[in-house]
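Taking it in order: structure first as structure tokens, then the write-up.
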Amino acid sequence: MSAMGFSLGTAITYYIVLVVFALVGDVAGCYKSIVGFGDSLSDTGNLFHNSKSLSNSFVKSSVLPYGETFFHHPTGRYSDGRLIIDFIAESMGLPLVQPYFGGESNGDRSFAEGVNFAVAGATAMDISFLTERGIINSCTNVSLGNELDWFKQICQTPSRCKEYLESSIVLMGEIGGNDYNYAFSQGHSKEEVLSFVPKVVTTIASAVNELIKYGVQTLIVPGDLPIGCSPYHLSYFITSNASEYDPQTGCMTWLNDFVEYHNELLQEELDRLRELHPHTTIIYADYYNAAMKLYTSPSNYGFNNTLEACCGGGGPYNYDPDVNCGSPLSTVCDSPSSYISWDGSHLTEAAYRWISDGLLNGPYTSPQINGECILSRPKIKISDS
Ligand SMILES: *[C@@H]1O[C@H](CO)[C@@H](O)[C@H](O)[C@H]1NC(C)=O
Ligand SMILES: *[C@@H]1O[C@H](CO)[C@@H](O)[C@H](O)[C@H]1NC(C)=O
Ligand SMILES: *[C@@H]1O[C@H](CO)[C@@H](O)[C@H](O)[C@H]1NC(C)=O
């Protein structure tokens, strides 16, 4: 594998970038590349393109209707179109971030403008940590530690990557959500899952610390989404006890409280890292609240269906764990942009676009992403009407 170095491909890429940037305008001082880590909220094709060695099961996002809205074919993204990482790249004038394990640009292994290590299904904790607790990852064995190892392999030594990383922005996550998702959906108690939240959070923080050692100067570290609003959890925990649901949104209160606990601890850990590294910009991305506003005022964003999956196998939330989106018995809605949930555990492109807008232009990053680096807003089109 050729490292990010000085191949002809890289030289050509740089040339093209210079030409494009010259047309777009002055981008001096902003990021030349995006480096991604995480799970299916950010995977732009790793699990799909390397399913033989990474996947424990059929890659659900490898068939239509995954990708139908934007790419018109499956790319391995768990949505009908682009993800938050794609909207961040677009807004910064960068190409969509290439998966580490090859993607659209077959054979072009130049990572000059970005590389994405995120793998759908990945957990923050190592597989052994989960196995010891009886938590099964039927999707992949990849953890954040493996993603960091791949990163270190292409960097080889910290000094070799320093210059590249100084002009890069790292998206660290979302990661850790699956550690909880698997545990909850396999019957582990809230108390048990709560007990390992601090370990998940310190694992994310030490990955950030490690990257800073390699020369990263700007990172975005997202919290988790409101999983209490996801059809996947709503179906599993369905109950006739109305007081378990938020009357305004229909989301499950205790699950969202759980996520807020994780997000609180993560932010405290980021505060500690900021003290340790005063010259590094560590941005918290509040995915939770950026998404929550879609559930509390859906019509403002063109959504008329908040808790049912657009694509799924039926049931009260159109989510059936035995009939995945894309399988022959599943159905897909006509208008994905009027749904928040795409397949029960992932969001539609429309929802990701609004969340991205809230991160890039709104109040949901702290400190705010430097506005001078944002060349365009995610284009918003309300519904298909
Ligand atoms: C994941 O780990 C399990 C248990 O160690 C192993 O049997 C399986 O082959 C691994 N899967 C992959 C894709 O490496
Ligand atoms: C219903 O849920 C509420 C909130 O979680 C709980 O306090 C209450 O005990 C539950 N009621 C029943 C009958 O389980
Ligand atoms: C929701 O919005 C879509 C797109 O505008 C429309 O086609 C659909 O009929 C609406 N559904 C309901 C239940 O209002």
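Just remember, in the structure tokens the first chain shown is A, the second B, etc., residues are 1-based per chain, and ligands are 1-based in the order shown.
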Got a sec: who's within 8 Å of Arg82 in chain A, counting only C-alpha atoms, leaving out chain neighbours fewer than 6 positions off, as JSON, numbers by chain?
{"A": [67, 70, 349, 352, 353]}
For the residues in that selection, give me C-alpha atoms as an mmCIF file, in the first residue's frame.
data_model
loop_
_atom_site.group_PDB
_atom_site.id
_atom_site.type_symbol
_atom_site.label_atom_id
_atom_site.label_comp_id
_atom_site.auth_asym_id
_atom_site.auth_seq_id
_atom_site.Cartn_x
_atom_site.Cartn_y
_atom_site.Cartn_z
ATOM 1 C CA GLY A 67 -27.643 5.346 -1.701
ATOM 2 C CA PHE A 70 -27.842 11.008 -3.943
ATOM 3 C CA GLU A 349 -29.690 12.266 4.065
ATOM 4 C CA TYR A 352 -27.996 14.437 8.256
ATOM 5 C CA ARG A 353 -28.058 17.590 6.163
#
Long-range neighbours of range 141-151 of chain A as a PDB file with N, CA, C and O atoms, in the first residue's frame, 9 Å cut-off, only C-alpha atoms, 5 positions minimum in chain:
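Once written, part-v3.pdb looks like this:
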ATOM      1  N   PHE A  37     -12.783   8.995  11.747  1.00  0.00           N
ATOM      2  CA  PHE A  37     -12.834   7.760  12.543  1.00  0.00           C
ATOM      3  C   PHE A  37     -14.288   7.578  12.966  1.00  0.00           C
ATOM      4  O   PHE A  37     -15.027   8.558  13.062  1.00  0.00           O
ATOM      5  N   GLY A  38     -14.676   6.339  13.273  1.00  0.00           N
ATOM      6  CA  GLY A  38     -16.034   6.178  13.786  1.00  0.00           C
ATOM      7  C   GLY A  38     -16.713   4.912  13.327  1.00  0.00           C
ATOM      8  O   GLY A  38     -16.061   3.893  13.044  1.00  0.00           O
ATOM      9  N   ASP A  39     -18.049   5.000  13.255  1.00  0.00           N
ATOM     10  CA  ASP A  39     -18.869   3.833  12.931  1.00  0.00           C
ATOM     11  C   ASP A  39     -19.763   4.137  11.726  1.00  0.00           C
ATOM     12  O   ASP A  39     -19.405   4.960  10.886  1.00  0.00           O
ATOM     13  N   LEU A  54     -13.399  -7.599   7.148  1.00  0.00           N
ATOM     14  CA  LEU A  54     -13.898  -6.804   8.282  1.00  0.00           C
ATOM     15  C   LEU A  54     -15.263  -7.239   8.794  1.00  0.00           C
ATOM     16  O   LEU A  54     -15.604  -7.001   9.948  1.00  0.00           O
ATOM     17  N   SER A  55     -16.055  -7.857   7.919  1.00  0.00           N
ATOM     18  CA  SER A  55     -17.451  -8.031   8.293  1.00  0.00           C
ATOM     19  C   SER A  55     -17.757  -9.439   8.789  1.00  0.00           C
ATOM     20  O   SER A  55     -17.265 -10.424   8.242  1.00  0.00           O
ATOM     21  N   ASN A  56     -18.566  -9.505   9.821  1.00  0.00           N
ATOM     22  CA  ASN A  56     -19.005 -10.793  10.357  1.00  0.00           C
ATOM     23  C   ASN A  56     -20.298 -11.274   9.704  1.00  0.00           C
ATOM     24  O   ASN A  56     -20.774 -12.348  10.001  1.00  0.00           O
ATOM     25  N   TYR A 100     -10.631   4.427   3.656  1.00  0.00           N
ATOM     26  CA  TYR A 100      -9.272   3.891   3.686  1.00  0.00           C
ATOM     27  C   TYR A 100      -9.160   2.652   2.802  1.00  0.00           C
ATOM     28  O   TYR A 100      -8.170   2.454   2.116  1.00  0.00           O
ATOM     29  N   PHE A 117     -11.367   6.293   8.204  1.00  0.00           N
ATOM     30  CA  PHE A 117     -11.145   4.983   8.811  1.00  0.00           C
ATOM     31  C   PHE A 117     -12.413   4.410   9.452  1.00  0.00           C
ATOM     32  O   PHE A 117     -12.382   3.315  10.007  1.00  0.00           O
ATOM     33  N   ALA A 118     -13.497   5.174   9.413  1.00  0.00           N
ATOM     34  CA  ALA A 118     -14.720   4.741  10.095  1.00  0.00           C
ATOM     35  C   ALA A 118     -15.259   3.449   9.490  1.00  0.00           C
ATOM     36  O   ALA A 118     -15.277   3.287   8.264  1.00  0.00           O
ATOM     37  N   VAL A 119     -15.677   2.529  10.321  1.00  0.00           N
ATOM     38  CA  VAL A 119     -16.230   1.255   9.869  1.00  0.00           C
ATOM     39  C   VAL A 119     -17.606   1.053  10.512  1.00  0.00           C
ATOM     40  O   VAL A 119     -17.737   1.137  11.745  1.00  0.00           O
ATOM     41  N   ALA A 120     -18.598   0.793   9.684  1.00  0.00           N
ATOM     42  CA  ALA A 120     -19.939   0.547  10.207  1.00  0.00           C
ATOM     43  C   ALA A 120     -19.894  -0.598  11.210  1.00  0.00           C
ATOM     44  O   ALA A 120     -19.241  -1.617  10.969  1.00  0.00           O
ATOM     45  N   GLY A 121     -20.566  -0.414  12.315  1.00  0.00           N
ATOM     46  CA  GLY A 121     -20.620  -1.461  13.338  1.00  0.00           C
ATOM     47  C   GLY A 121     -19.496  -1.372  14.363  1.00  0.00           C
ATOM     48  O   GLY A 121     -19.532  -2.076  15.371  1.00  0.00           O
ATOM     49  N   ALA A 122     -18.502  -0.525  14.106  1.00  0.00           N
ATOM     50  CA  ALA A 122     -17.350  -0.458  15.017  1.00  0.00           C
ATOM     51  C   ALA A 122     -17.765   0.038  16.400  1.00  0.00           C
ATOM     52  O   ALA A 122     -18.717   0.808  16.555  1.00  0.00           O
ATOM     53  N   THR A 123     -17.026  -0.420  17.390  1.00  0.00           N
ATOM     54  CA  THR A 123     -17.243  -0.002  18.774  1.00  0.00           C
ATOM     55  C   THR A 123     -16.042   0.805  19.251  1.00  0.00           C
ATOM     56  O   THR A 123     -14.965   0.726  18.657  1.00  0.00           O
ATOM     57  N   ALA A 124     -16.238   1.539  20.342  1.00  0.00           N
ATOM     58  CA  ALA A 124     -15.098   2.228  20.951  1.00  0.00           C
ATOM     59  C   ALA A 124     -14.206   1.198  21.641  1.00  0.00           C
ATOM     60  O   ALA A 124     -12.984   1.217  21.488  1.00  0.00           O
ATOM     61  N   MET A 125     -14.835   0.293  22.397  1.00  0.00           N
ATOM     62  CA  MET A 125     -14.071  -0.695  23.159  1.00  0.00           C
ATOM     63  C   MET A 125     -13.649  -1.853  22.263  1.00  0.00           C
ATOM     64  O   MET A 125     -14.348  -2.198  21.312  1.00  0.00           O
ATOM     65  N   ASP A 126     -12.516  -2.469  22.624  1.00  0.00           N
ATOM     66  CA  ASP A 126     -12.037  -3.635  21.878  1.00  0.00           C
ATOM     67  C   ASP A 126     -13.021  -4.785  22.013  1.00  0.00           C
ATOM     68  O   ASP A 126     -13.728  -4.900  23.015  1.00  0.00           O
ATOM     69  N   ILE A 127     -12.970  -5.645  21.020  1.00  0.00           N
ATOM     70  CA  ILE A 127     -13.874  -6.797  20.977  1.00  0.00           C
ATOM     71  C   ILE A 127     -13.758  -7.645  22.256  1.00  0.00           C
ATOM     72  O   ILE A 127     -14.757  -8.147  22.769  1.00  0.00           O
ATOM     73  N   GLN A 156       3.318   5.894   9.761  1.00  0.00           N
ATOM     74  CA  GLN A 156       4.589   5.276  10.158  1.00  0.00           C
ATOM     75  C   GLN A 156       5.211   5.942  11.377  1.00  0.00           C
ATOM     76  O   GLN A 156       5.295   5.340  12.430  1.00  0.00           O
ATOM     77  N   ILE A 175     -18.457   7.671  17.890  1.00  0.00           N
ATOM     78  CA  ILE A 175     -18.010   6.327  18.199  1.00  0.00           C
ATOM     79  C   ILE A 175     -18.423   6.032  19.650  1.00  0.00           C
ATOM     80  O   ILE A 175     -18.464   6.952  20.470  1.00  0.00           O
ATOM     81  N   GLY A 176     -18.747   4.799  19.917  1.00  0.00           N
ATOM     82  CA  GLY A 176     -19.195   4.431  21.266  1.00  0.00           C
ATOM     83  C   GLY A 176     -20.677   4.089  21.295  1.00  0.00           C
ATOM     84  O   GLY A 176     -21.114   3.314  22.138  1.00  0.00           O
ATOM     85  N   THR A 203     -11.735   5.956  26.487  1.00  0.00           N
ATOM     86  CA  THR A 203     -11.149   5.358  25.280  1.00  0.00           C
ATOM     87  C   THR A 203     -11.173   6.361  24.123  1.00  0.00           C
ATOM     88  O   THR A 203     -10.200   6.486  23.376  1.00  0.00           O
ATOM     89  N   ILE A 204     -12.270   7.094  24.012  1.00  0.00           N
ATOM     90  CA  ILE A 204     -12.359   8.123  22.969  1.00  0.00           C
ATOM     91  C   ILE A 204     -11.329   9.220  23.255  1.00  0.00           C
ATOM     92  O   ILE A 204     -10.596   9.661  22.362  1.00  0.00           O
ATOM     93  N   ALA A 207      -7.825   8.225  22.362  1.00  0.00           N
ATOM     94  CA  ALA A 207      -7.595   8.269  20.909  1.00  0.00           C
ATOM     95  C   ALA A 207      -7.305   9.706  20.468  1.00  0.00           C
ATOM     96  O   ALA A 207      -6.409   9.960  19.663  1.00  0.00           O
ATOM     97  N   GLU A 210      -3.792  10.603  21.483  1.00  0.00           N
ATOM     98  CA  GLU A 210      -2.847   9.935  20.588  1.00  0.00           C
ATOM     99  C   GLU A 210      -2.691  10.729  19.281  1.00  0.00           C
ATOM    100  O   GLU A 210      -1.590  10.955  18.797  1.00  0.00           O
ATOM    101  N   LEU A 211      -3.818  11.170  18.725  1.00  0.00           N
ATOM    102  CA  LEU A 211      -3.769  11.909  17.463  1.00  0.00           C
ATOM    103  C   LEU A 211      -3.060  13.247  17.634  1.00  0.00           C
ATOM    104  O   LEU A 211      -2.345  13.691  16.740  1.00  0.00           O
TER     105      LEU A 211
END
Using only C-alpha atoms, which residues sit within 8 Å of range 331-342 of chain A once same-chain residues fewer than 6 positions away are excluded, as a tab-separated table (two decimals) with N, CA, C and O atoms, in the first residue's frame?
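After the write, around00.tsv holds the following:
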chain	number	residue	atom	x	y	z
A	65	PRO	N	-32.17	-0.04	-1.43
A	65	PRO	CA	-32.21	1.40	-1.71
A	65	PRO	C	-31.13	2.23	-1.00
A	65	PRO	O	-31.19	3.46	-1.06
A	79	SER	N	-27.32	5.11	4.64
A	79	SER	CA	-28.32	6.16	4.46
A	79	SER	C	-28.78	6.10	3.01
A	79	SER	O	-28.24	5.32	2.22
A	80	ASP	N	-29.76	6.95	2.68
A	80	ASP	CA	-30.16	7.03	1.28
A	80	ASP	C	-29.22	7.95	0.50
A	80	ASP	O	-29.31	8.01	-0.72
A	230	SER	N	-34.85	6.35	18.11
A	230	SER	CA	-34.58	5.48	16.96
A	230	SER	C	-35.53	4.29	16.94
A	230	SER	O	-35.78	3.64	17.97
A	231	PRO	N	-36.10	3.99	15.78
A	231	PRO	CA	-37.02	2.86	15.64
A	231	PRO	C	-36.42	1.55	16.16
A	231	PRO	O	-37.14	0.71	16.70
A	294	LEU	N	-35.07	18.35	15.32
A	294	LEU	CA	-35.85	17.77	14.22
A	294	LEU	C	-37.06	17.01	14.76
A	294	LEU	O	-38.12	16.98	14.14
A	302	GLY	N	-39.40	20.05	7.21
A	302	GLY	CA	-39.97	19.26	6.12
A	302	GLY	C	-40.22	17.81	6.46
A	302	GLY	O	-40.45	17.00	5.56
A	303	PHE	N	-40.18	17.46	7.74
A	303	PHE	CA	-40.44	16.07	8.13
A	303	PHE	C	-41.88	15.90	8.58
A	303	PHE	O	-42.38	16.71	9.36
A	304	ASN	N	-42.55	14.88	8.08
A	304	ASN	CA	-43.88	14.58	8.62
A	304	ASN	C	-43.91	13.18	9.21
A	304	ASN	O	-44.96	12.65	9.54
A	305	ASN	N	-42.75	12.55	9.31
A	305	ASN	CA	-42.68	11.24	9.94
A	305	ASN	C	-41.39	11.16	10.74
A	305	ASN	O	-40.30	11.12	10.16
A	306	THR	N	-41.52	11.16	12.05
A	306	THR	CA	-40.31	11.27	12.87
A	306	THR	C	-39.82	9.94	13.42
A	306	THR	O	-38.62	9.75	13.56
A	307	LEU	N	-40.74	9.03	13.77
A	307	LEU	CA	-40.31	7.83	14.50
A	307	LEU	C	-40.41	6.53	13.72
A	307	LEU	O	-40.00	5.48	14.20
A	308	GLU	N	-40.95	6.61	12.50
A	308	GLU	CA	-41.01	5.41	11.66
A	308	GLU	C	-39.84	5.44	10.68
A	308	GLU	O	-39.52	6.49	10.14
A	309	ALA	N	-39.25	4.27	10.43
A	309	ALA	CA	-38.19	4.22	9.44
A	309	ALA	C	-38.78	4.34	8.04
A	309	ALA	O	-39.86	3.80	7.77
A	310	CYS	N	-38.07	5.05	7.16
A	310	CYS	CA	-38.50	5.13	5.75
A	310	CYS	C	-38.41	3.75	5.11
A	310	CYS	O	-39.26	3.35	4.33
A	311	CYS	N	-37.35	3.02	5.46
A	311	CYS	CA	-37.09	1.73	4.83
A	311	CYS	C	-37.06	0.66	5.91
A	311	CYS	O	-36.25	0.77	6.85
A	312	GLY	N	-37.93	-0.32	5.81
A	312	GLY	CA	-37.92	-1.33	6.86
A	312	GLY	C	-38.91	-2.45	6.62
A	312	GLY	O	-39.53	-2.54	5.54
A	313	GLY	N	-39.07	-3.28	7.63
A	313	GLY	CA	-39.85	-4.50	7.47
A	313	GLY	C	-41.17	-4.52	8.21
A	313	GLY	O	-41.70	-5.60	8.51
A	314	GLY	N	-41.71	-3.33	8.51
A	314	GLY	CA	-43.02	-3.28	9.15
A	314	GLY	C	-42.95	-3.21	10.66
A	314	GLY	O	-41.87	-3.15	11.24
A	325	CYS	N	-33.85	-3.28	5.97
A	325	CYS	CA	-33.96	-2.42	4.78
A	325	CYS	C	-33.10	-3.05	3.69
A	325	CYS	O	-31.95	-3.42	3.93
A	348	THR	N	-31.85	9.65	7.52
A	348	THR	CA	-31.89	9.96	6.09
A	348	THR	C	-30.88	11.06	5.77
A	348	THR	O	-30.43	11.79	6.65
A	349	GLU	N	-30.57	11.17	4.49
A	349	GLU	CA	-29.69	12.27	4.06
A	349	GLU	C	-30.27	13.61	4.50
A	349	GLU	O	-29.53	14.50	4.93
A	350	ALA	N	-31.59	13.76	4.39
A	350	ALA	CA	-32.22	15.03	4.77
A	350	ALA	C	-31.94	15.35	6.24
A	350	ALA	O	-31.59	16.49	6.58
A	351	ALA	N	-32.05	14.35	7.12
A	351	ALA	CA	-31.79	14.59	8.53
A	351	ALA	C	-30.31	14.91	8.76
A	351	ALA	O	-29.97	15.84	9.49
A	382	ILE	N	-36.52	21.87	1.31
A	382	ILE	CA	-37.55	21.26	2.14
A	382	ILE	C	-38.50	20.44	1.28
A	382	ILE	O	-39.13	20.97	0.36
A	383	SER	N	-38.54	19.16	1.55
A	383	SER	CA	-39.41	18.16	0.91
A	383	SER	C	-39.31	18.19	-0.62
A	383	SER	O	-38.51	18.89	-1.19
A	384	ASP	N	-40.14	17.40	-1.25
A	384	ASP	CA	-40.07	17.28	-2.71
A	384	ASP	C	-41.18	18.07	-3.37
A	384	ASP	O	-41.35	18.03	-4.58
Minimum-distance residue to ligand 1, chosen among A:Leu130, A:Ile154, A:Ala112, A:Val97 (using only C-alpha atoms and all ligand atoms):
A:Leu130
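Based on only C-alpha atoms and all ligand atoms, the protein and nucleic acid residues found within 8 Å of ligand 2 are, by chain and then by number, Asn241, Ala242, Ser243, Glu244, Thr253 and Trp254 of chain A.
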Dump of N, CA and C atoms for the selected residues, as a JSON list (two decimals), in the first residue's frame:
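Output file again.json is given in full below:
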[["chain", "number", "residue", "atom", "x", "y", "z"],
["A", 241, "ASN", "N", -46.57, 1.43, 28.91],
["A", 241, "ASN", "CA", -46.44, 2.46, 29.96],
["A", 241, "ASN", "C", -46.11, 3.81, 29.32],
["A", 242, "ALA", "N", -47.17, 4.63, 29.18],
["A", 242, "ALA", "CA", -47.02, 5.90, 28.46],
["A", 242, "ALA", "C", -45.99, 6.82, 29.11],
["A", 243, "SER", "N", -45.74, 6.66, 30.41],
["A", 243, "SER", "CA", -44.82, 7.61, 31.03],
["A", 243, "SER", "C", -43.35, 7.32, 30.69],
["A", 244, "GLU", "N", -43.11, 6.26, 29.94],
["A", 244, "GLU", "CA", -41.73, 6.03, 29.47],
["A", 244, "GLU", "C", -41.41, 6.87, 28.23],
["A", 253, "THR", "N", -37.70, 8.29, 27.02],
["A", 253, "THR", "CA", -36.99, 9.25, 27.85],
["A", 253, "THR", "C", -35.72, 8.68, 28.46],
["A", 254, "TRP", "N", -35.79, 7.47, 29.03],
["A", 254, "TRP", "CA", -34.62, 6.99, 29.75],
["A", 254, "TRP", "C", -33.43, 6.75, 28.81]]
Given the choices A:Ala183, A:Ser240, A:His262, A:Ser57, which gets closest to Phe129 in chain A if the distance is worked out from only C-alpha atoms?
A:Ala183
Looking only at alpha helix (DSSP H) from DSSP on the backbone, list the matching residues of range 66-231 of chain A as a PyMOL selection string.
chain A and resi 84-91+127-132+144-155+158-166+177-185+190-195+197-213+231
Could the residues in this selection be saved with C-alpha atoms as a short mmCIF file (atom, residue, chain, number, x, y, z; two decimals), in the first residue's frame?
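Saved file out.cif follows:
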data_model
loop_
_atom_site.label_atom_id
_atom_site.label_comp_id
_atom_site.auth_asym_id
_atom_site.auth_seq_id
_atom_site.Cartn_x
_atom_site.Cartn_y
_atom_site.Cartn_z
CA ILE A 84 -22.55 14.32 8.11
CA ILE A 85 -18.88 13.78 7.15
CA ASP A 86 -19.84 14.31 3.50
CA PHE A 87 -21.62 17.59 4.25
CA ILE A 88 -18.65 18.78 6.31
CA ALA A 89 -16.32 17.98 3.40
CA GLU A 90 -18.57 19.73 0.88
CA SER A 91 -18.91 22.83 3.01
CA ILE A 127 -13.87 -6.80 20.98
CA SER A 128 -12.37 -8.57 24.02
CA PHE A 129 -13.87 -6.03 26.42
CA LEU A 130 -17.31 -6.65 24.95
CA THR A 131 -16.96 -10.42 24.71
CA GLU A 132 -15.98 -10.64 28.38
CA LEU A 144 -11.52 2.40 17.55
CA GLY A 145 -8.14 0.87 18.46
CA ASN A 146 -7.99 -0.90 15.08
CA GLU A 147 -8.85 2.30 13.25
CA LEU A 148 -6.05 4.11 15.08
CA ASP A 149 -3.65 1.31 14.16
CA TRP A 150 -4.45 1.74 10.44
CA PHE A 151 -3.86 5.45 10.81
CA LYS A 152 -0.48 4.80 12.45
CA GLN A 153 0.47 2.38 9.67
CA ILE A 154 0.07 5.01 6.97
CA CYS A 155 1.81 7.63 9.10
CA PRO A 158 4.64 10.98 14.01
CA SER A 159 7.06 13.31 12.23
CA ARG A 160 6.14 11.89 8.83
CA CYS A 161 2.51 12.91 9.18
CA LYS A 162 2.98 16.14 11.05
CA GLU A 163 2.71 18.53 8.12
CA TYR A 164 -0.28 16.70 6.64
CA LEU A 165 -2.08 16.60 9.97
CA GLU A 166 -1.41 20.23 10.81
CA GLY A 177 -22.86 4.37 20.31
CA ASN A 178 -22.60 0.75 19.18
CA ASP A 179 -21.08 -0.36 22.48
CA TYR A 180 -24.39 0.71 24.03
CA ASN A 181 -26.65 -0.32 21.13
CA TYR A 182 -25.42 -3.92 21.18
CA ALA A 183 -25.58 -4.15 24.97
CA PHE A 184 -29.13 -2.77 25.17
CA SER A 185 -30.46 -4.85 22.28
CA LYS A 190 -29.31 0.00 32.05
CA GLU A 191 -27.24 -0.20 35.26
CA GLU A 192 -24.72 -2.52 33.64
CA VAL A 193 -24.38 -0.36 30.54
CA LEU A 194 -24.12 2.81 32.63
CA SER A 195 -21.21 1.26 34.49
CA VAL A 197 -19.81 4.63 30.01
CA PRO A 198 -16.70 6.12 31.72
CA LYS A 199 -14.52 3.50 30.01
CA VAL A 200 -16.00 4.28 26.58
CA VAL A 201 -15.44 7.98 27.16
CA THR A 202 -11.82 7.60 28.29
CA THR A 203 -11.15 5.36 25.28
CA ILE A 204 -12.36 8.12 22.97
CA ALA A 205 -10.30 10.69 24.89
CA SER A 206 -7.13 8.63 24.66
CA ALA A 207 -7.60 8.27 20.91
CA VAL A 208 -7.81 12.07 20.72
CA ASN A 209 -4.69 12.36 22.85
CA GLU A 210 -2.85 9.94 20.59
CA LEU A 211 -3.77 11.91 17.46
CA ILE A 212 -2.57 15.13 19.05
CA LYS A 213 0.81 13.43 19.58
CA PRO A 231 -37.02 2.86 15.64
#
Write out, as JSON lines, each residue of range 278-335 of chain A that has an atom at most 12 Å from range 264-268 of chain A, together with the closest pair of atoms and their distance in Å to one decimal, counting only C-alpha atoms, rows going by chain and rising number.
{"residue": "A:Ile282", "atom": "CA", "partner": "A:Gln267", "partner_atom": "CA", "distance": 10.3}
{"residue": "A:Ile283", "atom": "CA", "partner": "A:Gln267", "partner_atom": "CA", "distance": 9.7}
{"residue": "A:Tyr284", "atom": "CA", "partner": "A:Gln267", "partner_atom": "CA", "distance": 7.0}
{"residue": "A:Ala285", "atom": "CA", "partner": "A:Gln267", "partner_atom": "CA", "distance": 9.7}
{"residue": "A:Asp286", "atom": "CA", "partner": "A:Gln267", "partner_atom": "CA", "distance": 9.7}
{"residue": "A:Tyr288", "atom": "CA", "partner": "A:Glu264", "partner_atom": "CA", "distance": 11.1}
